[in-house]
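J.: Sharing a structure, written as structure tokens. Questions coming.
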Amino acid sequence: MTAGLLLSVVLTAVVGLTIGLLGGGGAILLVPILVYVAGWNAGMAVAASLVVVGGTSLVSTMMHARHGRVLWGIGLGFGVSAMAGSFAGGMLANLIPARALMIAFSLVMLIAGIAMLRPRPDRGDATQRARWWFIALLGIVIGFVSGLVGAGGGFLIVPALALVAGLPMGLAVGTSLLIITLQSASGLIGHLMSVRLDWPAVLAMIAMAILGSLGGAALSGRIGETVLRRCFGAFVVVIAVGTGAGQLVA
């Protein structure tokens, strides 16, 4: 194992911490690590990211579920409809320049991040208001955007659940992990048909990411609603600005 790959395995613990704590952000952190630190090509990096993020999200989902922070009906409905939207977005992606897609995605992330930073009024019991058709529609829209840019969508799923569907932040994070697990599994099927992975390295990354995610899930339950939402918002804003600036100067 090269020094770059070893460092990538260690850094995967930070990716897992982010997944467990914030319910998203794994792929958009791990892919650059695998490309620029491990030296893998983009195809391998994306496929490995789907394995690591999907496996880690599954374990984190179980951790959050133990504390009642996963809404299974909403998560499954959102996840299945997001798969359909992601397929449609992926079909359309080839017709739009990649740079334009990433700039647009950065703007969407920036708007979502800023919205998460703003105070949110009490909207009552959101779990009673979230109708199945609304959750399905929301899943299709988020899945479509994710399919366009090839991202897992965690950066958009949590704001969609928290701001649009009105879920408390703890439930939004836990439910988002279930959705990401479904989307990662769906996307991985296609990638593994054309990409060969370094499975010992990938399994080591999964182990490190799961360790990080356990800590993240434990912290998530101890951080207040407002603080957690603002941490997520700040994180999204930083990534959005970095992604957008990278595309503009490229």
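Just remember, in the structure tokens the first chain shown is A, the second B, etc., residues are 1-based per chain, and ligands are 1-based in the order shown.
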Could you pull the residues within 9 Å of Met169 in chain A, counting only C-alpha atoms, minus those fewer than 3 positions along the same chain, as a list in words?

T.: Val158, Pro159, Leu161, Ala162, Gly166, Ala172, Val173, Gly174, Glu225, Thr226, Leu228 and Arg229 of chain A

J.: Within 12 Å of range 36-40 of chain A, counting only C-alpha atoms, which residues show up once you throw out same-chain ones fewer than 4 positions away? Write them as a VMD selection string, please.

T.: chain A and resid 1 to 12 29 to 32 44 to 49 195 to 198 201 to 202 205

J.: Using only C-alpha atoms, which of A:Leu21, A:Leu95, A:Leu58, A:Leu188 sits nearest Arg222 in chain A?

T.: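 The answer is A:Leu21, which sits nearest to Arg222 in chain A.
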
J.: Between CA of Gln183 in chain A and CA of Gly224 in chain A, what distance in Å does the model show, to one decimal?

T.: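 Spanning CA of Gln183 in chain A to CA of Gly224 in chain A is a straight-line distance of 28.0 Å.
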
J.: Would you kindly return, as a list in words, each protein, DNA or RNA residue with an atom no farther than 6 Å from any atom of range 53-55 of chain A, considering only C-alpha atoms and excluding same-chain residues fewer than 4 positions away?

T.: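 The neighbour list is Gly26, Ser49, Thr181 and Ser184 of chain A.
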